[in-house]
Each structure stands twice: as C-alpha cells, then as structure tokens.
Amino acid sequence: MAGSASAIELRGLTKHYGPTVGIDRLDVTVATGEVFGLLGPNGAGKTTVLRCLAGLLRPTGGQVRVLGLDPLADHRRLAPALGYLPGELRLYPELTGHQTLDLLADLQSAPTPRRAELCDRLGLSGSVLSRTVREYSRGMKQKLGLVQAFQHDPDLAVLDEPTEGLDPLVQETFFELLAEARAAGRTVLLSSHVLPEVQRACGRVAIVRAGRLVTVRSVAALREARARRVRLVFADGLGRRPLGAADRWQPQWQDDRVELLVPPHEVLGALRGLLNLPVSDLTVEEAGLDEAFLDLYRESAATAEEES
C-alpha cells in the first residue's frame, strides 16, 4: 500500500443526503508523501469527503481509492494503515485516556510504536491518561485524538479540523508532526477552514464550495496569481485623498494610511503612479491564501449565478 504513487484517488465522488447534495462529482488525487489541504467554509462538504475516505459513509456515486483500496470493501486491510481524526471527536467519557488509546488501537488492529513519544510531546502525562475522559478539557480531548491518529505510524493520516481547541504551543508541535510525516514519506490530508493553517502546512490544496470543487492548485501558485497587498503612509497629514488610477483597487483608508490589493502584473505601474504622491512609507506584501481563497470563491459564486 505504501508504494502506490497515489495515496488518495477520488473520481466523481458524489454523496447525497436525501435531496441534499453533500458532495457533487469531486475529482481529486493526492500523491503519496504529500501534505494536502482540503479547504472550504463550514458546510462546504469537507467532512463528507473525509468520512467517505475513512469508510464511514457510502458514496452515492463515483469511486474512492485510499492507498489503493476501497474504504468499505477493504476496510480491515486499510484500517492499520489509516489514521483518522474526526472533526467532532466523540469519546467514551467513562474510559480513561489509556483505555481510550487501547480501544482505538484495537479497532485499528495495529501496534502503537509512537504512543509514548506522542503523549510526551503533546503533554499527556501518565497521571492525565489515568483520568477519565469526562474530566478532560476540549484541548486535552483533541490531543488524545491526535495521539490515536498517529500512534500506529499510519501511511495516511486524514485529519478533520485538527487544531480545534489546541493552544499555540501544542499547535506548533502539531505542525512539527506534519513536517516529520512528510519527511518520512507519509501522506496527510488536512481539512480546515483556517486559512493560515493550510497555508503553512500544505503544498497543494483543493478548494470546495457547496459540495463542488473550485480548484486544485499549489499554495504557491494560488498566492502568486493573486493580488499584492500595497500599504502606503502619507507624510502631509491630509488624510484621505484621490489616488488617480489606483482608486479602482478599492483603497481602504485609516487616517494617513491606505491599503490596496493590486493584481501582480499591475504592481510596477501602480508604484510609479503612487510614488508621485507625498508618500513617507510603502510596503508590498505577497498576498496570503485568504485573498486567493476569497477571490476564487467570488469567481465561483459568480459562475454559479450565471449558470442558474
């Protein structure tokens, strides 16, 4: 399974909940050894995709292959190689942390060579693991969920909103785990609506909207194709003023400061015009994934309206 060129292959994946469309004809391929992001707002269909990958939902149509296997028909063969963290982690409150990890390892039918290391790195001490889950905070439950997803060193980890409830220090440890998985040739599918998280962790992303695929691109390509953030500070204290041709880029003013989102091919021309004004400070930043995401969503929504 680990030797396959593709860890995940979705061909026309469709899932209906009665008259409601969860996912509609989704085509995505995730390469082995890739940290791949599934990006979209709540309700876009991300969790439906992950549940189909984990064999928890039967698709209405299309084909799903995970490590070369069918998640439903080949579930017993797939389970030891798959780590899954659900977005709504529900644990038995009467079990201790130790018992929970043992139970989930039994369900995966796999040894757990990384459990002690992961518990140590995530701050789950022996005393914490001896307590019942009902005594755990949300963050502690999420850390337990991460341990169970990685404890058997899976070939593929499928993670739904994995940093929910984690404090910043633990989030740093999580990103270290992702980097280590990639370096070891493991594959990670990370579903999130947190844009900086995906931008930091993933090489490529699939963006979904209302159950449909908007695009699959590298994070670098998304950012490169989108606007640059240009910030100006004026020295004359006169505040808001006309910017000539630059006014078409919807300037956002605050006292003597203005911010523009300029298309990449127009940045040099914009600067030539703006530097004729009494500017005391100027910065140009590469657009973040959030600008790319919003632009693509606007384009997708406009196309959907035209087709309807």
# chains A, B, ... in the order shown; residues from 1 in each chain; ligands from 1
$ select_by_dssp --residues "region 97-248 of chain A" --states "alpha helix (DSSP H)" --output "PyMOL selection string"
chain A and resi 97-108+115-121+126-129+138-150+168-183+195-201+219-225
$ write_last_selection --atoms "C-alpha atoms" --output "short mmCIF file (atom, residue, chain, number, x, y, z; two decimals), in the first residue's frame"
data_model
loop_
_atom_site.label_atom_id
_atom_site.label_comp_id
_atom_site.auth_asym_id
_atom_site.auth_seq_id
_atom_site.Cartn_x
_atom_site.Cartn_y
_atom_site.Cartn_z
CA GLY A 97 -7.12 8.16 28.40
CA HIS A 98 -5.08 4.95 28.49
CA GLN A 99 -8.19 2.82 27.92
CA THR A 100 -9.31 5.06 25.08
CA LEU A 101 -6.00 4.73 23.25
CA ASP A 102 -6.01 0.96 23.80
CA LEU A 103 -9.55 0.64 22.46
CA LEU A 104 -8.84 2.69 19.35
CA ALA A 105 -5.60 0.78 18.71
CA ASP A 106 -7.58 -2.48 18.88
CA LEU A 107 -10.06 -1.12 16.36
CA GLN A 108 -7.16 -0.23 14.06
CA ARG A 115 2.20 6.30 21.56
CA ALA A 116 4.66 7.10 24.37
CA GLU A 117 6.55 9.64 22.26
CA LEU A 118 3.39 11.41 21.12
CA CYS A 119 1.89 11.56 24.61
CA ASP A 120 5.11 13.09 25.89
CA ARG A 121 5.32 15.68 23.13
CA GLY A 126 0.67 9.27 32.88
CA SER A 127 -1.44 10.98 35.52
CA VAL A 128 -3.53 12.70 32.84
CA LEU A 129 -4.01 9.44 30.93
CA ARG A 138 -11.65 20.18 24.97
CA GLY A 139 -7.95 20.70 24.27
CA MET A 140 -6.98 17.54 26.15
CA LYS A 141 -9.52 15.51 24.17
CA GLN A 142 -8.14 16.92 20.94
CA LYS A 143 -4.60 15.94 21.96
CA LEU A 144 -5.84 12.43 22.71
CA GLY A 145 -7.41 12.39 19.27
CA LEU A 146 -4.11 13.35 17.66
CA VAL A 147 -2.27 10.61 19.54
CA GLN A 148 -4.74 7.94 18.38
CA ALA A 149 -4.45 9.19 14.78
CA PHE A 150 -0.64 8.92 14.73
CA PRO A 168 -0.50 27.82 20.35
CA LEU A 169 2.35 25.74 21.79
CA VAL A 170 0.56 22.48 21.05
CA GLN A 171 -0.25 23.75 17.56
CA GLU A 172 3.50 24.15 16.98
CA THR A 173 4.00 20.51 17.96
CA PHE A 174 1.24 19.53 15.56
CA PHE A 175 2.97 21.29 12.66
CA GLU A 176 6.19 19.50 13.60
CA LEU A 177 4.32 16.19 13.33
CA LEU A 178 3.14 17.11 9.84
CA ALA A 179 6.67 18.03 8.73
CA GLU A 180 8.01 14.76 10.13
CA ALA A 181 5.28 12.76 8.38
CA ARG A 182 6.14 14.36 5.04
CA ALA A 183 9.88 13.76 5.58
CA LEU A 195 -6.52 29.63 6.04
CA PRO A 196 -3.13 30.36 7.68
CA GLU A 197 -3.04 26.77 8.96
CA VAL A 198 -3.43 25.34 5.47
CA GLN A 199 -1.02 27.88 4.01
CA ARG A 200 1.65 26.86 6.49
CA ALA A 201 1.24 23.09 6.34
CA VAL A 219 -0.43 27.09 -2.37
CA ALA A 220 2.45 28.92 -4.08
CA ALA A 221 0.52 29.17 -7.36
CA LEU A 222 -2.60 30.43 -5.62
CA ARG A 223 -0.67 33.17 -3.91
CA GLU A 224 1.38 34.05 -6.99
CA ALA A 225 -1.71 34.51 -9.16
#
$ residues_around --residues "region 261-276 of chain A" --least-positions-apart "6" --cutoff "10 Å" --atoms "only C-alpha atoms" --output "list of chain:residue names"
A:Arg223, A:Glu224, A:Ala225, A:Arg226, A:Ala227, A:Arg228, A:Arg229, A:Val230, A:Arg231, A:Leu232, A:Leu243, A:Gly244, A:Ala245, A:Ala246, A:Arg248, A:Trp249, A:Gln250, A:Pro251, A:Gln252, A:Leu282, A:Val284, A:Glu285, A:Glu286, A:Ala287, A:Glu291
$ residues_around --residues "Leu72 (chain A)" --least-positions-apart "4" --cutoff "9 Å" --atoms "only C-alpha atoms" --output "count of residues only"
8
$ residues_around --residues "Gly239 (chain A)" --least-positions-apart "4" --cutoff "10 Å" --atoms "only C-alpha atoms" --output "NGL selection string"
:A and (233-235 or 253-258)
$ write_last_selection --atoms "N, CA and C atoms" --output "compact mmCIF listing (two decimals), in the first residue's frame"
# COMPACT_ATOMS: atom_id res chain seq x y z
N VAL A 233 1.84 55.09 3.52
CA VAL A 233 1.66 56.10 4.57
C VAL A 233 2.05 57.45 3.97
N PHE A 234 1.15 58.43 4.09
CA PHE A 234 1.40 59.75 3.53
C PHE A 234 1.99 60.68 4.60
N ALA A 235 2.86 61.59 4.13
CA ALA A 235 3.63 62.43 5.05
C ALA A 235 2.99 63.78 5.31
N TRP A 253 -8.88 53.09 3.75
CA TRP A 253 -8.19 54.20 4.41
C TRP A 253 -8.31 54.11 5.93
N GLN A 254 -7.24 54.54 6.60
CA GLN A 254 -7.26 54.78 8.04
C GLN A 254 -6.31 55.94 8.32
N ASP A 255 -6.90 57.11 8.53
CA ASP A 255 -6.12 58.35 8.71
C ASP A 255 -5.23 58.58 7.49
N ASP A 256 -3.91 58.61 7.68
CA ASP A 256 -2.98 58.86 6.57
C ASP A 256 -2.45 57.56 5.94
N ARG A 257 -3.07 56.45 6.27
CA ARG A 257 -2.63 55.16 5.75
C ARG A 257 -3.70 54.59 4.82
N VAL A 258 -3.22 53.93 3.79
CA VAL A 258 -4.14 53.31 2.85
C VAL A 258 -3.59 51.95 2.44
$ closest_atom_pairs --of "region 203-298 of chain A" --to "region 19-33 of chain A" --cutoff "7 Å" --atoms "only C-alpha atoms" --output "Markdown table"
| residue | atom | partner | partner_atom | distance |
| --- | --- | --- | --- | --- |
| A:Gly211 | CA | A:Ile23 | CA | 4.1 |
| A:Arg212 | CA | A:Asp24 | CA | 5.5 |
| A:Leu213 | CA | A:Leu26 | CA | 6.1 |
$ write_last_selection --atoms "N, CA and C atoms" --output "PDB file, in the first residue's frame"
ATOM      1  N   GLY A 211     -20.178  21.792  -1.981  1.00  0.00           N
ATOM      2  CA  GLY A 211     -20.054  20.422  -2.430  1.00  0.00           C
ATOM      3  C   GLY A 211     -19.342  20.226  -3.747  1.00  0.00           C
ATOM      4  N   ARG A 212     -18.937  21.309  -4.383  1.00  0.00           N
ATOM      5  CA  ARG A 212     -18.273  21.205  -5.676  1.00  0.00           C
ATOM      6  C   ARG A 212     -16.838  21.701  -5.594  1.00  0.00           C
ATOM      7  N   LEU A 213     -16.005  21.117  -6.436  1.00  0.00           N
ATOM      8  CA  LEU A 213     -14.602  21.502  -6.486  1.00  0.00           C
ATOM      9  C   LEU A 213     -14.450  22.838  -7.198  1.00  0.00           C
TER      10      LEU A 213
END
$ atom_distance --atom1 "CA of Leu67 (chain A)" --atom2 "CA of His152 (chain A)"
16.0 Å
$ atom_distance --atom1 "CA of Gln63 (chain A)" --atom2 "CA of Val158 (chain A)"
17.7 Å
$ select_by_dssp --residues "region 156-299 of chain A" --states "strand (DSSP E)" --output "JSON, numbers by chain"
{"A": [156, 157, 158, 159, 160, 187, 188, 189, 190, 191, 192, 204, 205, 206, 207, 208, 209, 212, 213, 214, 215, 216, 217, 218, 228, 229, 230, 231, 232, 233, 234, 252, 253, 254, 257, 258, 259, 260, 261, 262, 279, 280, 281, 282, 283, 284, 285]}
$ write_last_selection --atoms "C-alpha atoms" --output "PDB file, in the first residue's frame"
ATOM      1  CA  LEU A 156      -2.035   8.055   5.622  1.00  0.00           C
ATOM      2  CA  ALA A 157      -3.457  10.428   8.221  1.00  0.00           C
ATOM      3  CA  VAL A 158      -6.848  12.021   7.499  1.00  0.00           C
ATOM      4  CA  LEU A 159      -7.412  14.952   9.840  1.00  0.00           C
ATOM      5  CA  ASP A 160     -10.604  16.994  10.141  1.00  0.00           C
ATOM      6  CA  THR A 187       0.718  11.240   3.470  1.00  0.00           C
ATOM      7  CA  VAL A 188      -1.554  13.686   5.294  1.00  0.00           C
ATOM      8  CA  LEU A 189      -4.927  15.035   4.194  1.00  0.00           C
ATOM      9  CA  LEU A 190      -5.751  18.062   6.296  1.00  0.00           C
ATOM     10  CA  SER A 191      -9.259  19.526   6.196  1.00  0.00           C
ATOM     11  CA  SER A 192      -9.654  23.007   7.602  1.00  0.00           C
ATOM     12  CA  ARG A 204      -1.343  21.805  -2.523  1.00  0.00           C
ATOM     13  CA  VAL A 205      -4.969  22.432  -1.713  1.00  0.00           C
ATOM     14  CA  ALA A 206      -8.377  21.534  -3.079  1.00  0.00           C
ATOM     15  CA  ILE A 207     -10.932  24.274  -2.511  1.00  0.00           C
ATOM     16  CA  VAL A 208     -14.564  23.196  -2.305  1.00  0.00           C
ATOM     17  CA  ARG A 209     -17.694  25.296  -2.347  1.00  0.00           C
ATOM     18  CA  ARG A 212     -18.273  21.205  -5.676  1.00  0.00           C
ATOM     19  CA  LEU A 213     -14.602  21.502  -6.486  1.00  0.00           C
ATOM     20  CA  VAL A 214     -13.497  25.068  -7.157  1.00  0.00           C
ATOM     21  CA  THR A 215      -9.830  24.335  -7.906  1.00  0.00           C
ATOM     22  CA  VAL A 216      -6.825  22.172  -7.065  1.00  0.00           C
ATOM     23  CA  ARG A 217      -3.592  24.138  -7.024  1.00  0.00           C
ATOM     24  CA  SER A 218      -0.348  24.550  -5.172  1.00  0.00           C
ATOM     25  CA  ARG A 228      -0.340  42.020  -3.797  1.00  0.00           C
ATOM     26  CA  ARG A 229      -1.092  43.992  -0.669  1.00  0.00           C
ATOM     27  CA  VAL A 230       0.283  47.530  -1.065  1.00  0.00           C
ATOM     28  CA  ARG A 231       0.369  49.736   2.031  1.00  0.00           C
ATOM     29  CA  LEU A 232       1.135  53.462   1.905  1.00  0.00           C
ATOM     30  CA  VAL A 233       1.658  56.099   4.567  1.00  0.00           C
ATOM     31  CA  PHE A 234       1.405  59.755   3.533  1.00  0.00           C
ATOM     32  CA  GLN A 252      -9.024  51.031   2.474  1.00  0.00           C
ATOM     33  CA  TRP A 253      -8.187  54.200   4.410  1.00  0.00           C
ATOM     34  CA  GLN A 254      -7.255  54.775   8.043  1.00  0.00           C
ATOM     35  CA  ARG A 257      -2.633  55.157   5.753  1.00  0.00           C
ATOM     36  CA  VAL A 258      -4.142  53.307   2.850  1.00  0.00           C
ATOM     37  CA  GLU A 259      -4.115  49.690   1.754  1.00  0.00           C
ATOM     38  CA  LEU A 260      -4.683  48.404  -1.778  1.00  0.00           C
ATOM     39  CA  LEU A 261      -4.926  44.924  -3.293  1.00  0.00           C
ATOM     40  CA  VAL A 262      -3.206  45.207  -6.663  1.00  0.00           C
ATOM     41  CA  VAL A 279       4.492  59.019   0.466  1.00  0.00           C
ATOM     42  CA  SER A 280       6.625  58.542   3.609  1.00  0.00           C
ATOM     43  CA  ASP A 281       6.473  54.754   3.756  1.00  0.00           C
ATOM     44  CA  LEU A 282       5.487  51.965   1.379  1.00  0.00           C
ATOM     45  CA  THR A 283       5.363  48.173   1.680  1.00  0.00           C
ATOM     46  CA  VAL A 284       4.377  45.490  -0.815  1.00  0.00           C
ATOM     47  CA  GLU A 285       3.490  42.038   0.507  1.00  0.00           C
TER      48      GLU A 285
END
